[in-house]
$ cat entry_30.txt   # compact mmCIF, C-alpha atoms
# COMPACT_ATOMS: atom_id res chain seq x y z
CA VAL A 15 -69.86 23.61 -31.22
CA VAL A 16 -68.21 26.67 -32.71
CA GLY A 17 -64.59 26.59 -31.60
CA ILE A 18 -61.84 29.15 -31.98
CA GLY A 19 -60.71 27.50 -35.18
CA GLY A 20 -64.09 26.80 -36.83
CA VAL A 21 -67.17 24.60 -36.52
CA VAL A 22 -66.66 21.26 -34.77
CA HIS A 23 -69.36 18.73 -33.91
CA GLY A 24 -69.22 16.61 -30.75
CA VAL A 25 -67.21 16.89 -27.57
CA ALA A 26 -64.43 14.53 -28.68
CA ALA A 27 -64.03 16.42 -31.92
CA GLY A 28 -64.20 19.67 -29.98
CA ALA A 29 -60.62 19.17 -28.87
CA ALA A 30 -59.60 19.70 -32.48
CA VAL A 31 -60.16 23.44 -32.26
CA LEU A 32 -57.08 23.64 -30.08
CA VAL A 33 -55.09 23.92 -33.29
CA ALA A 34 -56.28 27.51 -33.44
CA ALA A 35 -55.76 28.41 -29.80
CA GLY A 36 -52.85 30.09 -28.05
CA VAL A 37 -50.79 28.21 -25.46
CA ALA A 38 -50.41 29.34 -21.86
CA SER A 39 -48.67 26.99 -19.45
CA ARG A 40 -49.35 27.69 -15.78
CA ARG A 41 -46.17 26.05 -14.54
CA GLN A 42 -43.66 28.17 -16.48
CA ALA A 43 -42.03 31.34 -15.18
CA GLY A 44 -44.87 33.68 -14.33
CA ARG A 45 -47.12 30.63 -14.89
CA ARG A 46 -48.60 32.20 -18.02
CA ARG A 47 -47.37 32.65 -21.54
CA ARG A 48 -48.75 34.47 -24.55
CA PRO A 49 -49.69 32.55 -27.73
CA ASP A 50 -46.64 31.85 -29.87
CA ALA A 51 -46.10 32.39 -33.59
CA ALA A 52 -47.02 28.81 -34.43
CA ALA A 53 -50.39 29.29 -32.78
CA ALA A 54 -51.01 32.47 -34.76
CA THR A 55 -50.16 30.68 -38.00
CA ALA A 56 -52.48 27.83 -37.12
CA ARG A 57 -55.25 30.29 -36.28
CA ARG A 58 -55.00 31.85 -39.72
CA ALA A 59 -54.82 28.49 -41.48
CA GLY A 60 -57.67 26.86 -39.53
CA GLY A 61 -56.50 23.38 -40.56
CA PHE A 62 -56.74 20.22 -38.51
CA GLY A 63 -54.00 17.99 -39.95
CA GLU A 64 -51.66 16.19 -37.59
CA ALA A 65 -48.18 17.50 -36.95
CA PRO A 66 -45.38 15.35 -38.48
CA ALA A 67 -44.16 14.24 -35.05
CA ALA A 68 -47.70 13.32 -34.06
CA LYS A 69 -48.13 11.20 -37.20
CA SER A 70 -45.05 9.12 -36.40
CA ALA A 71 -46.25 8.63 -32.83
CA ALA A 72 -49.71 7.63 -34.04
CA MET A 73 -48.49 4.20 -35.18
CA VAL A 74 -47.22 3.47 -31.68
CA VAL A 75 -50.44 4.67 -30.05
CA LYS A 76 -52.69 2.56 -32.30
CA LYS A 77 -50.87 -0.64 -31.32
CA ALA A 78 -51.14 0.03 -27.57
CA SER A 79 -53.99 -0.91 -25.24
CA LYS A 80 -56.48 1.82 -24.28
CA GLU A 81 -54.80 2.40 -20.91
CA GLN A 82 -51.38 2.52 -22.57
CA GLN A 83 -52.73 5.02 -25.09
CA LYS A 84 -53.88 7.24 -22.24
CA ILE A 85 -50.47 7.16 -20.58
CA ILE A 86 -48.65 7.82 -23.88
CA CYS A 87 -50.79 10.86 -24.70
CA GLU A 88 -50.75 12.19 -21.14
CA ASN A 89 -46.96 11.92 -21.01
CA ALA A 90 -46.72 13.70 -24.35
CA LEU A 91 -48.88 16.54 -23.02
CA THR A 92 -46.80 16.79 -19.86
CA LYS A 93 -43.63 17.16 -21.94
CA LEU A 94 -45.29 19.81 -24.09
CA PHE A 95 -46.27 21.80 -20.99
CA ALA A 96 -42.60 21.95 -20.00
CA GLU A 97 -41.52 23.45 -23.34
CA GLU A 98 -41.11 27.18 -23.81
CA ASN A 99 -42.97 27.14 -27.15
CA PRO A 100 -44.91 23.85 -27.36
CA ASP A 101 -46.15 22.60 -30.70
CA ILE A 102 -49.84 23.40 -30.63
CA MET A 103 -50.55 20.85 -33.37
CA GLU A 104 -49.13 18.06 -31.22
CA MET A 105 -50.99 19.35 -28.18
CA ARG A 106 -54.26 19.35 -30.10
CA THR A 107 -53.58 15.85 -31.39
CA CYS A 108 -52.95 14.52 -27.87
CA LEU A 109 -56.16 16.02 -26.49
CA GLN A 110 -58.17 14.85 -29.46
CA ARG A 111 -56.94 11.29 -28.98
CA LEU A 112 -57.56 11.39 -25.24
CA ALA A 113 -61.12 12.60 -25.76
CA LYS A 114 -61.85 9.46 -27.78
CA LEU A 115 -60.57 7.07 -25.09
CA VAL A 116 -63.19 7.72 -22.39
CA SER A 117 -66.92 7.25 -22.99
CA ARG A 118 -68.16 8.98 -19.81
CA PRO A 119 -65.37 11.28 -18.63
CA ASN A 120 -67.51 13.13 -16.07
CA GLN A 121 -67.69 9.94 -14.00
CA GLU A 122 -63.97 9.99 -13.14
CA ILE A 123 -63.45 13.39 -11.56
CA ILE A 124 -63.30 12.54 -7.84
CA GLY A 125 -60.13 13.89 -6.27
CA ASP A 126 -58.01 17.04 -6.00
CA TRP A 127 -56.90 18.86 -9.16
CA LEU A 128 -54.53 21.69 -10.06
CA MET A 129 -55.03 23.86 -13.15
CA GLU A 130 -52.05 23.09 -15.38
CA TRP A 131 -52.87 24.72 -18.72
CA GLU A 132 -55.31 27.11 -20.35
CA ASP A 133 -55.59 27.59 -24.09
CA ILE A 134 -56.19 31.35 -23.93
CA LEU A 135 -54.38 33.61 -21.50
CA GLY A 136 -56.72 34.62 -18.64
CA SER A 137 -59.66 32.44 -19.66
CA SER A 138 -59.48 30.27 -16.54
CA GLU A 139 -60.02 33.31 -14.31
CA GLN A 140 -63.18 34.25 -16.21
CA VAL A 141 -64.67 30.76 -15.91
CA PHE A 142 -63.46 29.55 -12.50
CA GLY A 143 -62.34 32.62 -10.52
CA SER A 144 -64.35 34.53 -7.91
CA GLY A 145 -64.08 37.82 -9.78
CA SER A 146 -62.31 39.55 -6.89
CA CYS A 147 -59.38 40.44 -9.14
CA VAL A 148 -61.48 41.95 -11.93
CA GLN A 149 -60.73 45.68 -12.28
CA SER A 150 -58.44 45.49 -9.26
CA TRP A 151 -55.15 47.36 -9.53
CA ASN A 152 -53.28 45.30 -6.92
CA LEU A 153 -54.70 41.76 -7.18
CA LYS A 154 -53.99 39.17 -9.86
CA PHE A 155 -55.52 35.71 -10.29
CA GLN A 156 -52.55 33.34 -10.21
CA ASP A 157 -53.52 29.65 -9.82
CA TYR A 158 -56.54 27.46 -9.19
CA CYS A 159 -57.18 24.12 -7.47
CA ILE A 160 -60.45 22.22 -7.18
CA ARG A 161 -61.66 19.15 -5.26
CA PHE A 162 -64.57 16.87 -6.13
CA ALA A 163 -65.78 14.48 -3.41
CA LYS A 164 -68.80 12.54 -2.21
CA LYS A 165 -70.24 12.67 1.32
CA GLY A 166 -72.88 9.98 1.37
CA LYS A 167 -75.24 10.83 -1.48
CA GLU A 168 -74.10 14.44 -1.59
CA LYS A 169 -71.60 15.59 -4.21
CA VAL A 170 -69.47 18.30 -2.64
CA CYS A 171 -66.89 20.58 -4.16
CA GLU A 172 -64.17 22.88 -2.83
CA ALA A 173 -61.75 25.16 -4.64
CA VAL A 174 -58.86 27.48 -3.88
CA GLU A 175 -57.81 30.44 -6.02
CA ILE A 176 -54.33 31.82 -5.45
CA ILE A 177 -54.17 35.62 -5.52
CA ARG A 178 -50.98 37.58 -6.19
CA LYS A 179 -50.74 40.97 -4.56
CA THR A 180 -48.82 43.86 -6.11
CA GLY A 181 -46.01 45.24 -3.96
CA PRO A 182 -44.02 43.78 -1.06
CA PHE A 183 -46.81 41.49 0.09
CA PRO A 184 -47.13 37.70 0.17
CA ASP A 185 -49.74 35.95 -1.94
CA SER A 186 -53.08 34.94 -0.45
CA TYR A 187 -55.94 32.66 -1.41
CA ASN A 188 -59.74 32.49 -1.43
CA ARG A 189 -61.61 29.29 -0.64
CA PHE A 190 -64.88 28.18 -2.25
CA GLU A 191 -67.31 25.56 -0.91
CA GLY A 192 -70.39 24.14 -2.59
CA ALA A 193 -71.75 21.23 -4.60
CA TYR A 194 -71.52 19.81 -8.10
CA ALA A 195 -73.67 17.74 -10.44
CA VAL A 196 -72.94 15.72 -13.57
CA THR A 197 -75.32 15.37 -16.51
CA GLY A 198 -75.13 13.10 -19.52
CA MET A 199 -71.71 11.79 -20.43
CA THR A 200 -69.71 15.03 -20.15
CA GLY A 201 -71.72 17.75 -18.40
CA LEU A 202 -70.40 19.20 -15.13
CA THR A 203 -72.10 21.99 -13.16
CA VAL A 204 -70.52 23.53 -10.06
CA ASN A 205 -72.25 25.89 -7.64
CA PHE A 206 -70.21 27.45 -4.83
CA THR A 207 -72.34 29.08 -2.12
CA LYS A 208 -69.63 29.93 0.42
CA LEU A 209 -66.64 32.07 -0.54
CA THR A 210 -64.14 33.18 2.10
CA THR A 211 -60.62 34.53 2.29
CA GLU A 212 -57.88 32.50 3.96
CA GLY A 213 -58.65 34.50 7.11
CA GLY A 214 -62.33 33.54 7.02
CA GLN A 215 -63.55 36.94 5.83
CA ASP A 216 -65.97 37.67 2.99
CA VAL A 217 -64.55 37.74 -0.53
CA LYS A 218 -65.18 41.14 -2.06
CA ALA A 219 -65.10 42.65 -5.51
CA SER A 220 -62.94 45.66 -6.33
CA ASP A 221 -65.88 47.97 -5.53
CA GLY A 222 -66.23 46.48 -2.04
CA THR A 223 -69.38 44.44 -2.62
CA ARG A 224 -69.54 40.92 -1.20
CA ILE A 225 -69.21 38.02 -3.66
CA GLN A 226 -71.72 35.49 -2.34
CA GLU A 227 -71.60 32.71 -4.93
CA LYS A 228 -69.84 31.40 -8.00
CA SER A 229 -71.24 28.96 -10.55
CA PHE A 230 -70.00 27.51 -13.82
CA ARG A 231 -70.85 24.78 -16.31
CA VAL A 232 -68.24 22.94 -18.37
CA ASP A 233 -67.87 19.71 -20.32
CA VAL A 234 -65.37 17.10 -19.18
CA ILE A 235 -63.81 15.90 -22.43
CA TYR A 236 -61.28 13.59 -20.75
CA SER A 237 -60.51 12.24 -17.29
CA SER A 238 -58.29 9.61 -15.71
CA ASP A 239 -56.70 9.12 -12.30
CA ARG A 240 -53.92 11.46 -13.45
CA MET A 241 -55.30 14.14 -15.73
CA MET A 242 -58.56 15.90 -16.64
CA ALA A 243 -59.44 18.11 -19.61
CA LEU A 244 -62.35 20.57 -19.57
CA GLN A 245 -64.12 22.59 -22.22
CA SER A 246 -66.15 25.75 -21.59
CA GLU A 247 -68.38 27.54 -24.07
CA LYS A 248 -68.88 31.30 -24.29
CA ASN A 249 -72.15 33.03 -25.13
CA ASN A 250 -70.92 33.55 -28.69
CA GLY A 251 -70.36 29.80 -29.12
CA GLU A 252 -66.56 29.87 -28.95
CA CYS A 253 -64.83 27.33 -26.71
CA ASN A 254 -61.92 27.37 -24.31
CA PHE A 255 -59.97 24.36 -23.02
CA TYR A 256 -58.21 23.57 -19.76
CA VAL A 257 -56.03 20.72 -18.52
CA LEU A 258 -55.77 19.85 -14.82
CA LYS A 259 -53.49 17.36 -13.13
CA LYS A 260 -54.37 15.32 -10.06
CA VAL A 261 -52.61 16.36 -6.85
CA GLU A 262 -52.50 15.00 -3.33
CA SER A 263 -54.45 17.84 -1.75
CA ILE A 264 -55.63 21.34 -2.69
CA ASP A 265 -54.74 22.37 0.87
CA LEU A 266 -51.14 21.29 0.35
CA GLU A 267 -51.08 23.15 -2.96
CA ALA A 268 -52.35 26.31 -1.26
CA GLU A 269 -49.60 25.94 1.34
CA ARG A 270 -47.04 25.35 -1.39
CA PHE A 271 -48.03 28.50 -3.27
CA VAL A 272 -48.78 30.79 -0.35
CA GLY A 273 -47.02 29.37 2.71
CA TYR A 274 -43.56 29.04 1.18
CA GLN A 275 -43.68 32.53 -0.27
CA ARG A 276 -44.88 33.96 3.03
CA ARG A 277 -41.96 32.36 4.88
CA LYS A 278 -39.53 33.84 2.36
CA PHE A 279 -41.19 37.23 2.77
CA LEU A 280 -41.04 37.13 6.56
CA PHE A 281 -37.55 35.74 7.09
CA ASN A 282 -35.51 37.24 4.25

$ encode --input "entry_30.txt" --output "structure tokens"
Amino acid sequence: VVGIGGVVHGVAAGAAVLVAAGVASRRQAGRRRRPDAAAATARRAGGFGEAPAAKSAAMVVKKASKEQQKIICENALTKLFAEENPDIMEMRTCLQRLAKLVSRPNQEIIGDWLMEWEDILGSSEQVFGSGSCVQSWNLKFQDYCIRFAKKGKEKVCEAVEIIRKTGPFPDSYNRFEGAYAVTGMTGLTVNFTKLTTEGGQDVKASDGTRIQEKSFRVDVIYSSDRMMALQSEKNNGECNFYVLKKVESIDLEAERFVGYQRRKFLFN
């Protein structure tokens, strides 16, 4: 796999290219952030050594059980997400360690998930979004939630993309419905065949044409009952990474993002 920071072999090792990626937390103000200076330095250096803080924490992690290691690394990532300029070396180290703790991560994806982090600003929209915001002057892809479930033998999937509208208008969302399949130890393919607005109308591109389906293929490099990490690969061989956290319901998340803002808009 050719990552942003060089050539890396294997999915677990693939997390190492995060040392060369920018950081964009989706929970900060504006929910996106441009790559910081540390990321730019790492991109030029292309090295994969552990950050000093990560080295000191490594001794603790090695002595813990596998489940304890997961919790330690997940908690470290969560703290990094909350920082204004997280240490990308430590972030890379956490994901690299997590990727080595699960042998078949695509088997533990059932549940509802919220996109928490993307390594490159805007990459999640390209991979997971409907495309309705592309070349649109007044629509902006804001957040993304996805649900994996089983109905009998069928593997079904739903997703919600939160759309921000320019001007004095409340946000809205589009809903996707379809199916998913897992292959090998990490492969995950999703095919949405029904895309509708929150009002049940067709989702349309900026030129007015109907968007009938959305498909993507990613690798699940880590999953637990709390957190999931995904890797996508571009046509040129470069990779992008995403971290999602488990939530109670994508419907509640849509209400949280859209409903609360709409009430503020209507009553203030």

$ residues_around --input "entry_30.txt" --residues "stretch 138-147 of chain A" --least-positions-apart "5" --cutoff "8 Å" --atoms "only C-alpha atoms" --output "VMD selection string"
chain A and resid 132 153 to 155 158 175 177 217 to 220 225 228 230 246 256

$ closest_residue --input "entry_30.txt" --among "A:Arg106, A:Lys80, A:Lys93, A:Arg118" --to "A:Met199" --atoms "only C-alpha atoms"
A:Arg118

$ closest_residue --input "entry_30.txt" --among "A:Leu202, A:Ala173, A:Met105, A:Cys253" --to "A:Ile134" --atoms "only C-alpha atoms"
A:Cys253

$ residues_around --input "entry_30.txt" --residues "A:Cys171" --least-positions-apart "4" --cutoff "7 Å" --atoms "only C-alpha atoms" --output "list in words"
Arg161, Phe162, Ala163, Glu191, Gly192, Ala193 and Tyr194 of chain A

$ atom_distance --input "entry_30.txt" --atom1 "atom CA of A:Pro184" --atom2 "atom CA of A:Gln149"
20.1 Å

$ closest_residue --input "entry_30.txt" --among "A:Glu88, A:Glu227, A:Asp133, A:Glu122" --to "A:Ile102" --atoms "only C-alpha atoms"
A:Asp133

$ atom_distance --input "entry_30.txt" --atom1 "atom CA of A:Arg178" --atom2 "atom CA of A:Leu258"
20.3 Å

$ residues_around --input "entry_30.txt" --residues "A:Val174" --least-positions-apart "4" --cutoff "9 Å" --atoms "all atoms listed in the file" --output "MDAnalysis selection string"
chainID A and resid 157:161 187:190 264:265 267:268

$ atom_distance --input "entry_30.txt" --atom1 "atom CA of A:Trp131" --atom2 "atom CA of A:Phe255"
8.3 Å

$ closest_residue --input "entry_30.txt" --among "A:Glu81, A:Asp233, A:Asp221, A:Glu104" --to "A:Val196" --atoms "only C-alpha atoms"
A:Asp233

$ closest_residue --input "entry_30.txt" --among "A:Val232, A:Thr203, A:Ser117, A:Val170" --to "A:Asn254" --atoms "all atoms listed in the file"
A:Val232

$ closest_residue --input "entry_30.txt" --among "A:Val234, A:Thr207, A:Val257, A:Asn152" --to "A:Phe95" --atoms "only C-alpha atoms"
A:Val257

$ residues_near_point --input "entry_30.txt" --point "(-63.4, 4.9, -20.2)" --cutoff "12 Å" --atoms "only C-alpha atoms" --output "PyMOL selection string"
chain A and resi 80-81+83-84+112-122+199-200+235-239
